[in-house]
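Colleague: Following this line is final.json, made up of JSON, C-alpha atoms:
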```
[["chain", "number", "residue", "atom", "x", "y", "z"],
["A", 1, "MET", "CA", 27.81, 64.27, 5.74],
["A", 2, "GLU", "CA", 24.55, 64.34, 7.64],
["A", 3, "LEU", "CA", 21.89, 61.65, 7.05],
["A", 4, "LEU", "CA", 18.22, 61.92, 7.94],
["A", 5, "ALA", "CA", 16.26, 58.68, 7.91],
["A", 6, "MET", "CA", 12.83, 57.37, 8.86],
["A", 7, "GLY", "CA", 12.15, 54.73, 11.46],
["A", 8, "ALA", "CA", 14.25, 51.59, 11.40],
["A", 9, "ASP", "CA", 16.26, 52.94, 8.44],
["A", 10, "ALA", "CA", 18.17, 55.17, 10.85],
["A", 11, "GLU", "CA", 19.32, 52.18, 12.89],
["A", 12, "TYR", "CA", 20.11, 50.25, 9.71],
["A", 13, "LEU", "CA", 22.45, 53.02, 8.56],
["A", 14, "ILE", "CA", 24.29, 52.79, 11.86],
["A", 15, "ASP", "CA", 24.32, 49.03, 12.43],
["A", 16, "ALA", "CA", 24.57, 47.56, 8.93],
["A", 17, "VAL", "CA", 26.13, 50.31, 6.86],
["A", 18, "GLY", "CA", 28.48, 51.59, 9.56],
["A", 19, "VAL", "CA", 27.56, 55.28, 9.48],
["A", 20, "ARG", "CA", 28.57, 57.00, 12.72],
["A", 21, "ARG", "CA", 25.60, 57.56, 15.02],
["A", 22, "GLU", "CA", 26.31, 61.28, 15.34],
["A", 23, "ASN", "CA", 25.86, 61.64, 11.57],
["A", 24, "VAL", "CA", 22.39, 60.05, 11.52],
["A", 25, "THR", "CA", 19.25, 61.87, 12.59],
["A", 26, "LYS", "CA", 15.99, 59.96, 12.88],
["A", 27, "SER", "CA", 12.98, 61.93, 11.63],
["A", 28, "SER", "CA", 10.53, 63.04, 14.30],
["A", 29, "ARG", "CA", 7.75, 61.01, 12.66],
["A", 30, "PRO", "CA", 8.04, 58.13, 10.18],
["A", 31, "ASN", "CA", 6.85, 59.89, 7.03],
["A", 32, "THR", "CA", 8.27, 62.10, 4.33],
["A", 33, "GLN", "CA", 6.45, 65.22, 5.55],
["A", 34, "ALA", "CA", 8.26, 64.82, 8.87],
["A", 35, "ILE", "CA", 11.59, 64.89, 7.05],
["A", 36, "VAL", "CA", 10.59, 68.13, 5.32],
["A", 37, "ASP", "CA", 9.39, 69.60, 8.63],
["A", 38, "ASP", "CA", 12.58, 68.53, 10.43],
["A", 39, "LEU", "CA", 14.81, 70.02, 7.73],
["A", 40, "GLU", "CA", 12.80, 73.24, 7.74],
["A", 41, "THR", "CA", 13.03, 73.49, 11.54],
["A", 42, "ALA", "CA", 16.79, 72.97, 11.31],
["A", 43, "GLY", "CA", 17.00, 75.71, 8.68],
["A", 44, "ALA", "CA", 18.53, 73.35, 6.14],
["A", 45, "LYS", "CA", 18.96, 74.83, 2.67],
["A", 46, "SER", "CA", 21.17, 72.36, 0.88],
["A", 47, "ASP", "CA", 21.39, 69.60, -1.70],
["A", 48, "VAL", "CA", 19.53, 66.53, -0.51],
["A", 49, "LEU", "CA", 20.17, 63.09, -1.96],
["A", 50, "VAL", "CA", 16.83, 61.26, -2.11],
["A", 51, "PHE", "CA", 16.67, 57.55, -2.89],
["A", 52, "VAL", "CA", 13.48, 56.91, -4.84],
["A", 53, "PRO", "CA", 11.91, 53.98, -6.67],
["A", 54, "LYS", "CA", 12.03, 53.72, -10.43],
["A", 55, "VAL", "CA", 8.39, 52.90, -11.13],
["A", 56, "ILE", "CA", 7.96, 50.61, -14.13],
["A", 57, "GLN", "CA", 4.77, 50.99, -16.16],
["A", 58, "PRO", "CA", 1.94, 50.11, -16.01],
["A", 59, "LEU", "CA", 2.35, 51.08, -12.34],
["A", 60, "VAL", "CA", 1.90, 54.76, -11.58],
["A", 61, "GLU", "CA", 4.19, 56.59, -9.19],
["A", 62, "PRO", "CA", 2.28, 57.32, -5.98],
["A", 63, "PRO", "CA", 2.06, 61.01, -5.02],
["A", 64, "VAL", "CA", 4.31, 60.57, -1.97],
["A", 65, "VAL", "CA", 7.53, 60.84, -4.01],
["A", 66, "PRO", "CA", 6.73, 63.97, -6.05],
["A", 67, "ASP", "CA", 5.10, 65.55, -2.98],
["A", 68, "PHE", "CA", 8.27, 64.90, -0.96],
["A", 69, "LEU", "CA", 10.51, 66.39, -3.65],
["A", 70, "ALA", "CA", 8.21, 69.42, -3.94],
["A", 71, "GLY", "CA", 8.24, 69.86, -0.15],
["A", 72, "LEU", "CA", 12.03, 69.87, -0.13],
["A", 73, "ARG", "CA", 12.09, 72.50, -2.88],
["A", 74, "ARG", "CA", 9.51, 74.59, -1.01],
["A", 75, "ILE", "CA", 11.81, 74.92, 2.02],
["A", 76, "GLY", "CA", 14.81, 75.86, -0.11],
["A", 77, "CYS", "CA", 16.54, 72.50, -0.49],
["A", 78, "GLU", "CA", 17.63, 71.07, -3.82],
["A", 79, "PRO", "CA", 16.56, 67.41, -3.98],
["A", 80, "ARG", "CA", 18.67, 65.08, -6.11],
["A", 81, "ALA", "CA", 16.48, 62.06, -6.83],
["A", 82, "VAL", "CA", 18.40, 58.83, -7.37],
["A", 83, "PRO", "CA", 16.52, 55.72, -8.52],
["A", 84, "ALA", "CA", 17.68, 53.19, -5.93],
["A", 85, "TYR", "CA", 15.36, 50.28, -6.74],
["A", 86, "GLU", "CA", 12.63, 49.28, -9.18],
["A", 87, "THR", "CA", 8.96, 48.89, -8.43],
["A", 88, "ARG", "CA", 7.23, 46.69, -10.97],
["A", 89, "VAL", "CA", 4.23, 44.43, -11.37],
["A", 90, "GLY", "CA", 4.83, 40.99, -9.91],
["A", 91, "ASP", "CA", 5.58, 38.25, -12.39],
["A", 92, "ASP", "CA", 3.64, 35.38, -10.90],
["A", 93, "CYS", "CA", 1.10, 35.70, -8.11],
["A", 94, "ARG", "CA", -1.08, 32.72, -9.00],
["A", 95, "VAL", "CA", -0.71, 31.01, -5.64],
["A", 96, "GLU", "CA", -1.52, 34.18, -3.72],
["A", 97, "LEU", "CA", -4.46, 35.02, -5.97],
["A", 98, "ASP", "CA", -5.85, 31.50, -5.57],
["A", 99, "LEU", "CA", -5.61, 31.89, -1.79],
["A", 100, "LEU", "CA", -7.26, 35.32, -1.90],
["A", 101, "PHE", "CA", -10.13, 34.31, -4.16],
["A", 102, "GLY", "CA", -10.48, 30.93, -2.46],
["A", 103, "GLY", "CA", -11.12, 32.50, 0.93],
["A", 104, "ALA", "CA", -7.88, 31.27, 2.54],
["A", 105, "ILE", "CA", -6.55, 34.75, 3.39],
["A", 106, "ASP", "CA", -7.47, 36.52, 6.64],
["A", 107, "ALA", "CA", -5.33, 39.63, 6.24],
["A", 108, "ILE", "CA", -3.30, 41.59, 3.71],
["A", 109, "ALA", "CA", -0.34, 43.69, 4.88],
["A", 110, "VAL", "CA", 0.47, 46.61, 2.59],
["A", 111, "SER", "CA", 3.65, 48.67, 2.78],
["A", 112, "SER", "CA", 3.32, 50.45, -0.57],
["A", 113, "GLN", "CA", 0.54, 51.74, -2.78],
["A", 114, "ALA", "CA", 2.29, 49.99, -5.68],
["A", 115, "GLU", "CA", 1.51, 46.63, -4.08],
["A", 116, "ILE", "CA", -2.22, 47.30, -4.45],
["A", 117, "GLN", "CA", -1.81, 48.59, -8.00],
["A", 118, "SER", "CA", 0.12, 45.45, -8.90],
["A", 119, "LEU", "CA", -2.39, 43.11, -7.26],
["A", 120, "CYS", "CA", -5.27, 44.71, -9.15],
["A", 121, "LEU", "CA", -3.37, 44.57, -12.44],
["A", 122, "VAL", "CA", -2.55, 40.86, -12.22],
["A", 123, "ALA", "CA", -5.84, 39.67, -10.73],
["A", 124, "PRO", "CA", -8.33, 38.14, -13.16],
["A", 125, "GLY", "CA", -11.29, 40.51, -12.94],
["A", 126, "GLY", "CA", -9.05, 43.34, -11.79],
["A", 127, "ARG", "CA", -9.76, 45.77, -8.98],
["A", 128, "ASP", "CA", -13.49, 45.00, -8.74],
["A", 129, "ARG", "CA", -12.81, 41.32, -8.08],
["A", 130, "VAL", "CA", -10.11, 42.13, -5.51],
["A", 131, "VAL", "CA", -12.42, 44.56, -3.69],
["A", 132, "ASP", "CA", -15.24, 42.00, -3.75],
["A", 133, "ALA", "CA", -13.00, 39.25, -2.36],
["A", 134, "ILE", "CA", -11.78, 41.50, 0.46],
["A", 135, "THR", "CA", -15.16, 42.93, 1.43],
["A", 136, "SER", "CA", -17.23, 39.76, 1.06],
["A", 137, "ARG", "CA", -14.81, 37.69, 3.16],
["A", 138, "GLY", "CA", -14.04, 40.37, 5.76],
["A", 139, "ILE", "CA", -10.32, 40.30, 5.00],
["A", 140, "VAL", "CA", -8.33, 42.71, 7.14],
["A", 141, "VAL", "CA", -6.25, 45.14, 5.09],
["A", 142, "ALA", "CA", -3.49, 46.83, 7.06],
["A", 143, "ALA", "CA", -1.27, 49.67, 5.89],
["A", 144, "HIS", "CA", 2.18, 50.59, 7.15],
["A", 145, "GLY", "CA", 1.24, 54.25, 7.74],
["A", 146, "GLU", "CA", -1.32, 56.95, 6.98],
["A", 147, "THR", "CA", 0.24, 57.83, 3.61],
["A", 148, "THR", "CA", 0.12, 54.21, 2.47],
["A", 149, "ALA", "CA", -3.39, 53.82, 3.88],
["A", 150, "ALA", "CA", -4.61, 56.76, 1.79],
["A", 151, "GLY", "CA", -3.15, 55.12, -1.32],
["A", 152, "VAL", "CA", -4.76, 51.79, -0.45],
["A", 153, "ARG", "CA", -8.14, 53.44, 0.08],
["A", 154, "ALA", "CA", -7.81, 55.16, -3.31],
["A", 155, "GLY", "CA", -6.79, 51.90, -4.99],
["A", 156, "LEU", "CA", -9.44, 49.76, -3.28],
["A", 157, "PRO", "CA", -12.59, 51.90, -2.94],
["A", 158, "GLY", "CA", -14.89, 50.81, -0.15],
["A", 159, "VAL", "CA", -12.29, 48.67, 1.60],
["A", 160, "GLN", "CA", -11.65, 49.41, 5.27],
["A", 161, "VAL", "CA", -7.97, 49.89, 6.03],
["A", 162, "VAL", "CA", -6.38, 49.66, 9.47],
["A", 163, "VAL", "CA", -3.17, 51.55, 10.08],
["A", 164, "SER", "CA", -0.06, 50.45, 11.94],
["A", 165, "ASP", "CA", 0.24, 51.91, 15.43],
["A", 166, "ASP", "CA", 3.98, 52.34, 14.82],
["A", 167, "PRO", "CA", 4.93, 52.86, 11.17],
["A", 168, "SER", "CA", 8.62, 52.88, 12.04],
["A", 169, "THR", "CA", 8.60, 49.06, 12.24],
["A", 170, "PHE", "CA", 6.53, 46.21, 10.86],
["A", 171, "ASP", "CA", 5.68, 45.18, 14.42],
["A", 172, "GLY", "CA", 3.11, 47.99, 14.47],
["A", 173, "MET", "CA", 1.37, 46.57, 11.41],
["A", 174, "ALA", "CA", 1.36, 43.09, 12.93],
["A", 175, "ARG", "CA", -0.32, 44.50, 16.06],
["A", 176, "ALA", "CA", -2.94, 46.31, 13.93],
["A", 177, "ILE", "CA", -3.74, 43.08, 12.08],
["A", 178, "GLU", "CA", -3.91, 41.13, 15.34],
["A", 179, "ARG", "CA", -6.33, 43.67, 16.89],
["A", 180, "GLU", "CA", -8.63, 43.57, 13.86],
["A", 181, "LEU", "CA", -8.61, 39.78, 13.66],
["A", 182, "LYS", "CA", -9.51, 39.56, 17.36],
["A", 183, "LYS", "CA", -12.47, 41.92, 16.76],
["A", 184, "THR", "CA", -13.80, 39.86, 13.89],
["A", 185, "SER", "CA", -13.31, 36.49, 15.58],
["A", 186, "GLY", "CA", -15.32, 37.46, 18.60]]
```
What does the file become when written as structure tokens?
Modeller:
Amino acid sequence: MELLAMGADAEYLIDAVGVRRENVTKSSRPNTQAIVDDLETAGAKSDVLVFVPKVIQPLVEPPVVPDFLAGLRRIGCEPRAVPAYETRVGDDCRVELDLLFGGAIDAIAVSSQAEIQSLCLVAPGGRDRVVDAITSRGIVVAAHGETTAAGVRAGLPGVQVVVSDDPSTFDGMARAIERELKKTSG
């Protein structure tokens, strides 16, 4: 069995799961399009097991998953989507919302478009109040990669989003936040 993984997931498969290194290929770039490109370059035309989130309403599945599955089909692979985890609206975010609306937050780190959807759904006043809190207080919003950033921009119109300089780890997002906070603090 051959496994293709993004970023730190490749090392996790080797170190924590015990998959032999020679059976794990790290994608050339940390995004789903890179996986499609890498498989196409390799001439792969096979069944592909894809671990995907089960998105619980009222959240809406971001386009990255169906686009990935369509890309795999386009190159002649047969994706087999397996719901591996659930993405749902958070149960209780009162403390975080109080911090956000009270001006005690300097930055928001986002690794999934669903996080923004959830925040806007649970926030009193919804998306407009979240956008106002972020823009009026100059809160830095950082995304884990370009795909996530596009989803954040769509979910929070008018909000500036900085992107991790290395989406294969969360260190890149931390550096992006640090850079932006240094700019705003003088």
Colleague: Using only C-alpha atoms, give me every residue within 9 Å of (-12.9, 39.1, 13.1) in file coordinates, as a ChimeraX atom specification.
Modeller: /A:106,138-140,179-186
Colleague: Restricting the calculation to only C-alpha atoms, which member of A:Arg137, A:Arg88, A:Arg94, A:Arg74 is positioned closest to Val36 in chain A?
Modeller: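 Answer, going by the shortest atom-to-atom distance: A:Arg74.
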Colleague: From the set A:Ala107, A:Leu59, A:Leu69, A:Ala34, which residue has the shortest atom-to-atom contact distance to Thr147 in chain A, counting all atoms listed in the file?
Modeller: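 Smallest separation from Thr147 in chain A among the options: A:Ala34.
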Colleague: Nearest residue to Leu39 in chain A out of A:Val141, A:Cys77, A:Met173, A:Val159, using all atoms listed in the file?
Modeller: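 Checking each candidate against Leu39 in chain A, we get A:Cys77 as the closest.
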Colleague: Please provide as a ChimeraX atom specification all residues within 7 Å of range 144-146 of chain A, with the sequence filter that same-chain residues fewer than 2 positions apart are discarded (counting all atoms listed in the file).
Modeller: /A:110-111,142,148-150,163-164,167,173
Colleague: Report as a JSON list (two decimals) with C-alpha atoms, in the frame of the given file all protein, DNA and RNA residues lying within 9 Å of Ala114 in chain A, evaluated on all atoms listed in the file, omitting residues in the same chain fewer than 5 positions from it.
Modeller:
```
[["chain", "number", "residue", "atom", "x", "y", "z"],
["A", 55, "VAL", "CA", 8.39, 52.90, -11.13],
["A", 59, "LEU", "CA", 2.35, 51.08, -12.34],
["A", 60, "VAL", "CA", 1.90, 54.76, -11.58],
["A", 61, "GLU", "CA", 4.19, 56.59, -9.19],
["A", 62, "PRO", "CA", 2.28, 57.32, -5.98],
["A", 87, "THR", "CA", 8.96, 48.89, -8.43],
["A", 88, "ARG", "CA", 7.23, 46.69, -10.97],
["A", 89, "VAL", "CA", 4.23, 44.43, -11.37],
["A", 119, "LEU", "CA", -2.39, 43.11, -7.26],
["A", 151, "GLY", "CA", -3.15, 55.12, -1.32],
["A", 152, "VAL", "CA", -4.76, 51.79, -0.45]]
```
Colleague: Between A:Glu115, A:Glu86, A:Glu11, A:Asp132, which is the closest to Phe101 in chain A once you count all atoms listed in the file?
Modeller: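 Answer, going by the shortest atom-to-atom distance: A:Asp132.
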Colleague: Rounded to one decimal in Å, what is the spacing between CA of Ile177 in chain A and CA of Tyr85 in chain A?
Modeller: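 CA of Tyr85 in chain A lies at a distance of 27.8 Å from CA of Ile177 in chain A.
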Colleague: With distances taken over all atoms listed in the file, which of A:Leu3, A:Ala104, A:Val64, A:Ala84 is nearest to Val48 in chain A?
Modeller: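 Between A:Leu3, A:Ala104, A:Val64, A:Ala84, the residue approaching Val48 in chain A most closely is A:Leu3.
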Colleague: Could you list as a PyMOL selection string every residue that has an atom within 12 Å of (8.2, 56.7, 4.7), using the file's coordinates and counting only C-alpha atoms?
Modeller: chain A and resi 4-10+26-36+50-52+64-65+68+111-113+143-149+166-169
Colleague: Provide the CA of Cys120 in chain A to CA of Gly155 in chain A distance in Å, to one decimal place.
Modeller: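 Distance reported for this atom pair: 8.4 Å.
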Colleague: Need to verify the contact set: Ser136 in chain A, 12 Å, only C-alpha atoms, exclusion of same-chain residues closer than 6 positions in sequence. Can you return it as a ChimeraX atom specification?
Modeller: /A:100-103,106,128-130,158-160
Colleague: Measuring between all atoms listed in the file, which one of A:Leu72, A:Ala123, A:Ala154, A:Ala174 shows the shortest distance to Asp92 in chain A?
Modeller: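 Smallest separation from Asp92 in chain A among the options: A:Ala123.
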Colleague: Take CA of Val162 in chain A and CA of Leu121 in chain A and report the distance between them in Å, one decimal.
Modeller: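 Between CA of Val162 in chain A and CA of Leu121 in chain A the gap works out to 22.7 Å.
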Colleague: Give me the box for range 102-112 of chain A as AutoDock Vina command-line options, namely the centre and edge lengths in Å to one decimal of a box along x, y and z that holds every listed atom plus 4 Å on each side.
Modeller:
```
--center_x -3.7 --center_y 40.7 --center_z 2.1 --size_x 22.8 --size_y 27.5 --size_z 17.1
```
Colleague: Missing atoms in range 155-166 of chain A: can you complete it with all heavy atoms, as an mmCIF file, keeping the file's coordinate frame?
Modeller:
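Saved the output as part10.cif:
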```cif
data_model
loop_
_atom_site.group_PDB
_atom_site.id
_atom_site.type_symbol
_atom_site.label_atom_id
_atom_site.label_comp_id
_atom_site.auth_asym_id
_atom_site.auth_seq_id
_atom_site.Cartn_x
_atom_site.Cartn_y
_atom_site.Cartn_z
ATOM 1 N N GLY A 155 -6.928 53.032 -4.075
ATOM 2 C CA GLY A 155 -6.790 51.900 -4.990
ATOM 3 C C GLY A 155 -7.856 50.834 -4.804
ATOM 4 O O GLY A 155 -8.143 50.072 -5.731
ATOM 5 N N LEU A 156 -8.425 50.764 -3.595
ATOM 6 C CA LEU A 156 -9.440 49.760 -3.280
ATOM 7 C C LEU A 156 -10.665 50.448 -2.672
ATOM 8 O O LEU A 156 -10.896 50.365 -1.460
ATOM 9 C CB LEU A 156 -8.891 48.721 -2.302
ATOM 10 C CG LEU A 156 -7.698 47.888 -2.752
ATOM 11 C CD1 LEU A 156 -7.168 47.026 -1.610
ATOM 12 C CD2 LEU A 156 -8.061 47.029 -3.960
ATOM 13 N N PRO A 157 -11.458 51.150 -3.478
ATOM 14 C CA PRO A 157 -12.590 51.900 -2.940
ATOM 15 C C PRO A 157 -13.548 51.012 -2.148
ATOM 16 O O PRO A 157 -13.870 49.910 -2.571
ATOM 17 C CB PRO A 157 -13.281 52.467 -4.180
ATOM 18 C CG PRO A 157 -12.377 52.230 -5.326
ATOM 19 C CD PRO A 157 -11.381 51.194 -4.925
ATOM 20 N N GLY A 158 -13.942 51.522 -0.987
ATOM 21 C CA GLY A 158 -14.890 50.810 -0.150
ATOM 22 C C GLY A 158 -14.274 49.811 0.806
ATOM 23 O O GLY A 158 -14.962 49.233 1.640
ATOM 24 N N VAL A 159 -12.975 49.610 0.711
ATOM 25 C CA VAL A 159 -12.290 48.670 1.600
ATOM 26 C C VAL A 159 -11.822 49.417 2.853
ATOM 27 O O VAL A 159 -11.232 50.497 2.764
ATOM 28 C CB VAL A 159 -11.087 48.013 0.890
ATOM 29 C CG1 VAL A 159 -10.217 47.238 1.866
ATOM 30 C CG2 VAL A 159 -11.571 47.103 -0.232
ATOM 31 N N GLN A 160 -12.122 48.845 4.005
ATOM 32 C CA GLN A 160 -11.650 49.410 5.270
ATOM 33 C C GLN A 160 -10.175 49.089 5.442
ATOM 34 O O GLN A 160 -9.762 47.953 5.205
ATOM 35 C CB GLN A 160 -12.446 48.835 6.453
ATOM 36 C CG GLN A 160 -13.916 49.182 6.415
ATOM 37 C CD GLN A 160 -14.152 50.674 6.546
ATOM 38 O OE1 GLN A 160 -13.508 51.373 7.309
ATOM 39 N NE2 GLN A 160 -15.085 51.180 5.745
ATOM 40 N N VAL A 161 -9.409 50.074 5.874
ATOM 41 C CA VAL A 161 -7.970 49.890 6.030
ATOM 42 C C VAL A 161 -7.587 50.265 7.463
ATOM 43 O O VAL A 161 -7.934 51.345 7.934
ATOM 44 C CB VAL A 161 -7.178 50.778 5.038
ATOM 45 C CG1 VAL A 161 -5.682 50.579 5.209
ATOM 46 C CG2 VAL A 161 -7.600 50.495 3.605
ATOM 47 N N VAL A 162 -6.904 49.351 8.148
ATOM 48 C CA VAL A 162 -6.380 49.660 9.470
ATOM 49 C C VAL A 162 -4.929 50.112 9.293
ATOM 50 O O VAL A 162 -4.254 49.718 8.343
ATOM 51 C CB VAL A 162 -6.465 48.463 10.449
ATOM 52 C CG1 VAL A 162 -7.920 48.083 10.675
ATOM 53 C CG2 VAL A 162 -5.675 47.268 9.968
ATOM 54 N N VAL A 163 -4.490 50.958 10.220
ATOM 55 C CA VAL A 163 -3.170 51.550 10.080
ATOM 56 C C VAL A 163 -2.291 51.107 11.251
ATOM 57 O O VAL A 163 -2.740 51.030 12.396
ATOM 58 C CB VAL A 163 -3.258 53.094 10.057
ATOM 59 C CG1 VAL A 163 -1.890 53.723 9.901
ATOM 60 C CG2 VAL A 163 -4.173 53.538 8.930
ATOM 61 N N SER A 164 -1.048 50.831 10.935
ATOM 62 C CA SER A 164 -0.060 50.450 11.940
ATOM 63 C C SER A 164 -0.046 51.464 13.070
ATOM 64 O O SER A 164 -0.156 52.666 12.842
ATOM 65 C CB SER A 164 1.322 50.406 11.275
ATOM 66 O OG SER A 164 2.325 50.302 12.248
ATOM 67 N N ASP A 165 0.112 50.978 14.304
ATOM 68 C CA ASP A 165 0.240 51.910 15.430
ATOM 69 C C ASP A 165 1.663 52.432 15.582
ATOM 70 O O ASP A 165 1.920 53.331 16.361
ATOM 71 C CB ASP A 165 -0.259 51.274 16.730
ATOM 72 C CG ASP A 165 0.543 50.059 17.168
ATOM 73 O OD1 ASP A 165 1.584 49.747 16.551
ATOM 74 O OD2 ASP A 165 0.124 49.398 18.138
ATOM 75 N N ASP A 166 2.594 51.870 14.812
ATOM 76 C CA ASP A 166 3.980 52.340 14.820
ATOM 77 C C ASP A 166 4.585 52.088 13.442
ATOM 78 O O ASP A 166 5.169 51.042 13.196
ATOM 79 C CB ASP A 166 4.793 51.613 15.899
ATOM 80 C CG ASP A 166 6.248 52.051 15.920
ATOM 81 O OD1 ASP A 166 6.617 53.012 15.197
ATOM 82 O OD2 ASP A 166 7.038 51.424 16.647
#
```
